[in-house]
file model_0.tsv (TSV, C-alpha atoms)
chain	number	residue	atom	x	y	z
V	1	MET	CA	152.38	92.56	126.21
V	2	ALA	CA	151.15	95.64	124.35
V	3	ILE	CA	153.47	98.39	123.23
V	4	VAL	CA	152.51	102.00	123.86
V	5	ARG	CA	153.35	104.91	121.60
V	6	GLY	CA	152.40	108.56	121.33
V	7	THR	CA	150.72	110.03	118.26
V	8	SER	CA	149.67	113.48	117.08
V	9	ILE	CA	146.38	114.75	115.69
V	10	LEU	CA	144.88	113.44	112.47
V	11	GLU	CA	143.81	115.92	109.80
V	12	ILE	CA	141.72	115.01	106.75
V	13	GLY	CA	140.46	117.99	104.79
V	14	GLU	CA	138.83	120.33	107.28
V	15	ILE	CA	138.23	117.57	109.81
V	16	ILE	CA	140.61	117.41	112.77
V	17	ILE	CA	140.57	114.49	115.17
V	18	ARG	CA	142.32	114.54	118.52
V	19	PRO	CA	141.90	111.02	119.83
V	20	ASN	CA	142.68	110.34	123.45
V	21	ALA	CA	143.87	106.80	122.79
V	22	THR	CA	143.16	103.87	120.52
V	23	ALA	CA	143.86	100.14	120.52
V	24	LEU	CA	145.05	98.15	117.51
V	25	VAL	CA	147.12	95.17	116.42
V	26	ASP	CA	149.87	96.36	114.09
V	27	ASN	CA	150.97	94.63	110.90
V	28	SER	CA	153.54	92.54	112.73
V	29	GLY	CA	150.91	91.27	115.17
V	30	VAL	CA	151.92	93.41	118.14
V	31	PRO	CA	149.04	94.64	120.37
V	32	THR	CA	149.44	98.41	120.45
V	33	ILE	CA	147.97	101.31	122.38
V	34	GLU	CA	148.39	104.66	120.63
V	35	TYR	CA	147.71	107.80	122.61
V	36	ASN	CA	147.69	111.52	122.01
V	37	SER	CA	151.14	112.74	123.02
V	38	ALA	CA	149.70	116.12	124.00
V	39	ARG	CA	147.45	114.51	126.60
V	40	GLY	CA	149.59	111.67	127.88
V	41	LEU	CA	148.37	108.26	129.03
V	42	ASP	CA	147.07	107.49	132.50
V	43	GLU	CA	146.53	104.09	134.08
V	44	CYS	CA	142.75	103.96	133.59
V	45	THR	CA	143.04	104.87	129.91
V	46	ALA	CA	145.64	102.11	129.46
V	47	ILE	CA	143.27	99.64	131.13
V	48	HIS	CA	140.42	100.90	128.95
V	49	GLU	CA	142.37	100.31	125.73
V	50	SER	CA	143.58	96.93	126.99
V	51	PHE	CA	139.96	95.80	127.14
V	52	HIS	CA	139.52	96.78	123.49
V	53	LEU	CA	142.65	94.74	122.67
V	54	LYS	CA	141.10	91.82	124.52
V	55	TYR	CA	138.07	91.94	122.23
V	56	LEU	CA	140.28	92.02	119.14
V	57	ALA	CA	142.09	88.94	120.46
V	58	GLU	CA	138.72	87.23	120.92
V	59	GLY	CA	137.80	87.69	117.26
V	60	PHE	CA	135.86	90.94	117.27
V	61	PRO	CA	136.29	92.49	113.82
V	62	GLU	CA	137.55	95.60	112.19
V	63	TYR	CA	134.91	97.17	109.93
V	64	ARG	CA	135.15	98.05	106.26
V	65	TRP	CA	132.71	99.78	103.93
V	66	ALA	CA	131.33	98.62	100.61
V	67	ALA	CA	130.14	101.89	99.11
V	68	PRO	CA	130.45	103.37	95.62
V	69	GLN	CA	132.21	106.71	95.22
V	70	LEU	CA	132.77	107.29	98.93
V	71	SER	CA	135.01	110.32	99.49
V	72	SER	CA	137.70	110.25	102.16
V	73	GLU	CA	135.82	112.89	104.17
V	74	ASN	CA	132.56	110.92	104.05
V	75	GLU	CA	134.36	107.68	104.89
V	76	LEU	CA	135.97	109.35	107.90
V	77	PHE	CA	132.58	110.65	109.06
V	78	LEU	CA	131.00	107.20	108.70
V	79	ASP	CA	133.92	105.69	110.60
V	80	ARG	CA	133.38	108.11	113.47
V	81	VAL	CA	129.64	107.41	113.72
V	82	ARG	CA	130.18	103.65	113.48
V	83	ASP	CA	132.95	103.72	116.06
V	84	ARG	CA	130.76	105.60	118.54
V	85	ILE	CA	128.23	102.80	118.22
V	86	ARG	CA	130.79	99.99	118.41
V	87	ASN	CA	132.64	101.60	121.31
V	88	GLY	CA	129.39	102.15	123.17
V	89	LEU	CA	128.55	98.47	122.78
V	90	GLU	CA	131.94	97.39	124.11
V	91	HIS	CA	132.01	99.98	126.87
V	92	ALA	CA	128.67	98.71	128.16
V	93	LEU	CA	130.38	95.35	128.66
V	94	PHE	CA	133.64	96.32	130.31
V	95	PHE	CA	133.03	99.64	132.09
V	96	PRO	CA	131.45	97.79	135.06
V	97	GLU	CA	134.65	95.73	135.30
V	98	MET	CA	136.77	98.89	135.24
V	99	ILE	CA	134.72	100.32	138.09
V	100	GLN	CA	135.33	97.16	140.12
V	101	MET	CA	139.06	97.66	139.47
V	102	GLY	CA	138.90	101.15	140.99
V	103	CYS	CA	138.82	103.14	137.74
V	104	ASP	CA	136.28	105.82	136.88
V	105	PRO	CA	135.83	105.35	133.11
V	106	THR	CA	133.33	108.21	132.68
V	107	ALA	CA	135.15	110.84	134.74
V	108	GLU	CA	136.25	112.85	131.70
V	109	LEU	CA	132.83	112.52	130.08
V	110	ARG	CA	131.11	113.94	133.15
V	111	ALA	CA	133.66	116.75	133.45
V	112	THR	CA	133.27	117.86	129.85
V	113	THR	CA	129.56	117.20	129.30
V	114	GLY	CA	128.18	119.91	127.08
V	115	SER	CA	131.53	121.38	126.04
V	116	SER	CA	131.30	120.10	122.48
V	117	ILE	CA	127.56	120.45	121.92
V	118	SER	CA	126.69	123.10	119.34
V	119	PRO	CA	123.22	124.61	118.84
V	120	ARG	CA	121.09	122.92	116.19
V	121	PRO	CA	121.10	125.13	113.06
V	122	ASN	CA	117.67	126.55	112.36
V	123	ILE	CA	117.28	124.79	109.01
V	124	LEU	CA	114.88	122.28	107.57
V	125	GLY	CA	115.81	118.66	107.06
V	126	VAL	CA	118.31	116.38	108.74
V	127	GLY	CA	122.04	117.02	108.57
V	128	THR	CA	125.08	114.87	109.28
V	129	THR	CA	125.45	116.35	112.76
V	130	ASP	CA	122.04	114.90	113.68
V	131	PHE	CA	123.42	111.41	112.99
V	132	ALA	CA	126.62	112.07	114.94
V	133	TYR	CA	124.75	113.34	117.99
V	134	ALA	CA	122.34	110.38	117.87
V	135	ALA	CA	125.30	108.00	117.92
V	136	SER	CA	126.97	110.04	120.67
V	137	CYS	CA	123.81	109.97	122.78
V	138	PHE	CA	123.66	106.20	122.38
V	139	LYS	CA	127.32	105.91	123.40
V	140	VAL	CA	126.80	108.00	126.55
V	141	LEU	CA	123.73	105.97	127.54
V	142	ALA	CA	125.68	102.73	127.02
V	143	GLU	CA	128.70	103.97	128.97
V	144	GLN	CA	126.62	105.18	131.89
V	145	ALA	CA	124.20	102.27	132.02
V	146	GLY	CA	122.80	102.16	135.53
V	147	VAL	CA	123.99	105.72	136.17
V	148	ASP	CA	122.05	108.94	135.72
V	149	ALA	CA	122.84	109.97	132.13
V	150	THR	CA	120.07	112.54	131.81
V	151	GLN	CA	122.40	115.57	132.01
V	152	TYR	CA	123.86	114.90	128.57
V	153	SER	CA	120.43	114.26	127.00
V	154	THR	CA	119.01	117.38	128.65
V	155	LEU	CA	121.83	119.53	127.27
V	156	LEU	CA	121.32	118.13	123.78
V	157	ILE	CA	117.61	118.91	123.96
V	158	GLN	CA	118.32	122.43	125.21
V	159	LYS	CA	120.59	122.97	122.19
V	160	GLY	CA	117.85	121.80	119.82
V	161	TRP	CA	118.88	118.18	119.21
V	162	ARG	CA	115.69	116.56	120.53
V	163	ARG	CA	115.36	114.29	117.49
V	164	SER	CA	118.93	113.04	117.94
V	165	VAL	CA	118.22	112.28	121.61
V	166	THR	CA	115.07	110.34	120.69
V	167	VAL	CA	117.00	108.32	118.12
V	168	GLY	CA	119.92	107.70	120.48
V	169	GLN	CA	117.56	106.50	123.20
V	170	ALA	CA	115.83	104.18	120.73
V	171	MET	CA	119.21	102.74	119.73
V	172	TRP	CA	120.10	102.02	123.36
V	173	THR	CA	116.68	100.62	124.28
V	174	SER	CA	116.94	98.04	121.49
V	175	ILE	CA	120.02	96.37	123.03
V	176	ALA	CA	120.09	97.56	126.66
V	177	SER	CA	118.85	94.26	128.09
V	178	THR	CA	121.37	92.16	126.16
V	179	PRO	CA	124.50	94.02	124.99
V	180	PRO	CA	126.19	91.83	122.35
V	181	THR	CA	128.89	89.60	123.77
V	182	THR	CA	129.99	87.83	120.57
V	183	PRO	CA	131.54	89.19	117.35
V	184	GLU	CA	128.53	88.08	115.32
V	185	ALA	CA	126.07	89.75	117.68
V	186	GLN	CA	128.12	92.95	117.69
V	187	VAL	CA	128.11	93.13	113.89
V	188	LEU	CA	124.32	92.90	113.80
V	189	ALA	CA	123.98	95.50	116.58
V	190	VAL	CA	126.35	97.92	114.81
V	191	THR	CA	124.45	97.51	111.52
V	192	ASP	CA	121.08	98.03	113.20
V	193	GLY	CA	122.48	100.98	115.12
V	194	LEU	CA	123.73	102.65	111.95
V	195	ASN	CA	120.34	102.27	110.30
V	196	THR	CA	118.61	103.80	113.31
V	197	ALA	CA	121.16	106.60	113.73
V	198	PHE	CA	120.85	107.69	110.10
V	199	MET	CA	117.06	107.94	110.39
V	200	GLY	CA	116.41	106.33	107.00
V	201	GLN	CA	118.60	108.80	105.11
V	202	GLN	CA	121.07	105.99	104.39
V	203	ARG	CA	120.67	102.23	104.41
V	204	PHE	CA	123.30	99.87	105.81
V	205	GLU	CA	123.41	96.10	105.54
V	206	PHE	CA	125.76	93.34	106.59
V	207	ALA	CA	127.57	92.31	103.40
V	208	GLY	CA	129.52	89.41	104.88
V	209	TRP	CA	132.76	88.63	106.59
V	210	GLY	CA	135.80	89.96	104.76
V	211	PRO	CA	139.24	88.38	104.47
V	212	THR	CA	141.15	87.64	107.64
V	213	ASP	CA	144.28	89.76	107.96
V	214	GLN	CA	147.25	87.73	109.15
V	215	ARG	CA	149.32	89.99	111.38
V	216	GLY	CA	152.13	87.96	112.81
V	217	ALA	CA	150.46	85.31	114.97
V	218	HIS	CA	147.25	87.35	115.17
V	219	ARG	CA	144.40	86.67	112.76
V	220	GLN	CA	142.38	89.90	112.52
V	221	ARG	CA	138.81	89.32	111.37
V	222	THR	CA	137.13	91.92	109.17
V	223	VAL	CA	133.52	92.53	108.29
V	224	VAL	CA	132.00	94.45	105.38
V	225	ILE	CA	129.05	96.82	105.78
V	226	ARG	CA	127.37	97.89	102.56
V	227	LEU	CA	126.07	101.44	102.27
V	228	GLN	CA	123.09	101.93	100.01
V	229	SER	CA	122.07	105.55	99.44
V	230	GLN	CA	118.35	106.18	99.45
call {"tool": "encode", "arguments": {"input": "model_0.tsv", "output": "structure tokens"}}
result
Amino acid sequence: MAIVRGTSILEIGEIIIRPNATALVDNSGVPTIEYNSARGLDECTAIHESFHLKYLAEGFPEYRWAAPQLSSENELFLDRVRDRIRNGLEHALFFPEMIQMGCDPTAELRATTGSSISPRPNILGVGTTDFAYAASCFKVLAEQAGVDATQYSTLLIQKGWRRSVTVGQAMWTSIASTPPTTPEAQVLAVTDGLNTAFMGQQRFEFAGWGPTDQRGAHRQRTVVIRLQSQ
């Protein structure tokens, strides 16, 4: 049985993260759901995170970077983009099950669509926000597979993020027919997704499986993704 505990916001430099909830296996091997104390934890969110715990129990990995001179801020940003891709892949698998259980896993997404979309700065080149929105667009398309997800894409385009929408749609199209159901397939999909999301500005490659972390009776697999700057 998982334990549940409240957490506060995470601050690294100027970046502030207010996660709704997250699933992990702690160092003693206890499946754990951490949630934002300010928001509380409802039944559907608990079910959502329990599915992520299920995948960890089935050998899906935690991801680590192999990258020279990676600052904490850049590592956090890469984590966020990667996690949007990984979560989208997993959500595409278990959101249909949640719906059958009577949950509405995209209710909050639909209610807040557009609230966090900022206008594209009128500058040349590609910035980090382009990559984040591409990954976010992919995640929304994966989460709402079989449902009309055009509202989010339309809002992004209206705010000037057409390139990010195009990239996000390409990411989803590449795996839409066969979302990865094994750890090995997920790793390849995450790596390919990162390369597409970053539009050639960075290059990512699968560097191999890392050491297995023994956490109580749980053996947590890890995988290493190498970042090669262009």
call {"tool": "closest_residue", "arguments": {"input": "model_0.tsv", "among": "V:Ala57, V:Leu194, V:Cys44, V:Ala23", "to": "His218 of chain V", "atoms": "all atoms listed in the file"}}
result
V:Ala57
call {"tool": "residues_near_point", "arguments": {"input": "model_0.tsv", "point": "(122.8, 108.4, 121.8)", "cutoff": "9 Å", "atoms": "all atoms listed in the file", "output": "PyMOL selection string"}}
result
chain V and resi 85+132-142+153+164-172+197
call {"tool": "atom_distance", "arguments": {"input": "model_0.tsv", "atom1": "atom CA of Pro211 of chain V", "atom2": "atom CA of Gly59 of chain V"}}
result
12.9 Å
call {"tool": "residues_around", "arguments": {"input": "model_0.tsv", "residues": "Phe77 of chain V", "least_positions_apart": "5", "cutoff": "9 Å", "atoms": "only C-alpha atoms", "output": "list in words"}}
result
Ile15, Ser72, Arg82, Thr128 and Ala132 of chain V
call {"tool": "write_last_selection", "arguments": {"input": "model_0.tsv", "atoms": "C-alpha atoms", "output": "PDB file, in the coordinates of the input"}}
result
ATOM      1  CA  ILE V  15     138.230 117.570 109.810  1.00  0.00           C
ATOM      2  CA  SER V  72     137.700 110.250 102.160  1.00  0.00           C
ATOM      3  CA  ARG V  82     130.180 103.650 113.480  1.00  0.00           C
ATOM      4  CA  THR V 128     125.080 114.870 109.280  1.00  0.00           C
ATOM      5  CA  ALA V 132     126.620 112.070 114.940  1.00  0.00           C
TER       6      ALA V 132
END
call {"tool": "closest_residue", "arguments": {"input": "model_0.tsv", "among": "V:Leu93, V:Leu70, V:Met199, V:Ala189", "to": "His48 of chain V", "atoms": "only C-alpha atoms"}}
result
V:Leu93
call {"tool": "closest_residue", "arguments": {"input": "model_0.tsv", "among": "V:Phe51, V:Phe94, V:Trp65, V:Phe204", "to": "Thr222 of chain V", "atoms": "all atoms listed in the file"}}
result
V:Trp65
call {"tool": "closest_residue", "arguments": {"input": "model_0.tsv", "among": "V:Asp83, V:Glu43, V:Glu73, V:Glu49", "to": "Ala21 of chain V", "atoms": "all atoms listed in the file"}}
result
V:Glu49
call {"tool": "closest_residue", "arguments": {"input": "model_0.tsv", "among": "V:Ser71, V:Glu62, V:Asn20, V:Arg110", "to": "Arg39 of chain V", "atoms": "all atoms listed in the file"}}
result
V:Asn20
call {"tool": "residues_near_point", "arguments": {"input": "model_0.tsv", "point": "(125.5, 88.3, 110.7)", "cutoff": "7 Å", "atoms": "all atoms listed in the file", "output": "list of chain:residue names"}}
result
V:Glu184, V:Val187, V:Leu188, V:Phe206
call {"tool": "write_last_selection", "arguments": {"input": "model_0.tsv", "atoms": "C-alpha atoms", "output": "PDB file, in the frame of the given file"}}
result
ATOM      1  CA  GLU V 184     128.530  88.080 115.320  1.00  0.00           C
ATOM      2  CA  VAL V 187     128.110  93.130 113.890  1.00  0.00           C
ATOM      3  CA  LEU V 188     124.320  92.900 113.800  1.00  0.00           C
ATOM      4  CA  PHE V 206     125.760  93.340 106.590  1.00  0.00           C
TER       5      PHE V 206
END
call {"tool": "closest_residue", "arguments": {"input": "model_0.tsv", "among": "V:Leu24, V:Ala107, V:Ala92, V:Ala38", "to": "Ser50 of chain V", "atoms": "only C-alpha atoms"}}
result
V:Leu24
call {"tool": "residues_around", "arguments": {"input": "model_0.tsv", "residues": "Gly114 of chain V", "least_positions_apart": "3", "cutoff": "7 Å", "atoms": "all atoms listed in the file", "output": "number ranges by chain"}}
result
V: 117, 152, 155
call {"tool": "atom_distance", "arguments": {"input": "model_0.tsv", "atom1": "atom CA of Ile175 of chain V", "atom2": "atom CA of Leu89 of chain V"}}
result
8.8 Å
call {"tool": "atom_distance", "arguments": {"input": "model_0.tsv", "atom1": "atom CA of Lys54 of chain V", "atom2": "atom CA of Arg86 of chain V"}}
result
14.5 Å
call {"tool": "residues_around", "arguments": {"input": "model_0.tsv", "residues": "Lys159 of chain V", "least_positions_apart": "5", "cutoff": "8 Å", "atoms": "only C-alpha atoms", "output": "PDB file with C-alpha atoms, in the coordinates of the input"}}
result
ATOM      1  CA  ILE V 117     127.560 120.450 121.920  1.00  0.00           C
ATOM      2  CA  SER V 118     126.690 123.100 119.340  1.00  0.00           C
ATOM      3  CA  PRO V 119     123.220 124.610 118.840  1.00  0.00           C
ATOM      4  CA  ARG V 120     121.090 122.920 116.190  1.00  0.00           C
TER       5      ARG V 120
END
call {"tool": "residues_around", "arguments": {"input": "model_0.tsv", "residues": "Pro183 of chain V", "least_positions_apart": "2", "cutoff": "9 Å", "atoms": "all atoms listed in the file", "output": "PDB file with C-alpha atoms, keeping the file's coordinate frame"}}
result
ATOM      1  CA  TYR V  55     138.070  91.940 122.230  1.00  0.00           C
ATOM      2  CA  GLU V  58     138.720  87.230 120.920  1.00  0.00           C
ATOM      3  CA  GLY V  59     137.800  87.690 117.260  1.00  0.00           C
ATOM      4  CA  PHE V  60     135.860  90.940 117.270  1.00  0.00           C
ATOM      5  CA  PRO V  61     136.290  92.490 113.820  1.00  0.00           C
ATOM      6  CA  PRO V 180     126.190  91.830 122.350  1.00  0.00           C
ATOM      7  CA  THR V 181     128.890  89.600 123.770  1.00  0.00           C
ATOM      8  CA  ALA V 185     126.070  89.750 117.680  1.00  0.00           C
ATOM      9  CA  GLN V 186     128.120  92.950 117.690  1.00  0.00           C
ATOM     10  CA  VAL V 187     128.110  93.130 113.890  1.00  0.00           C
ATOM     11  CA  LEU V 188     124.320  92.900 113.800  1.00  0.00           C
TER      12      LEU V 188
END
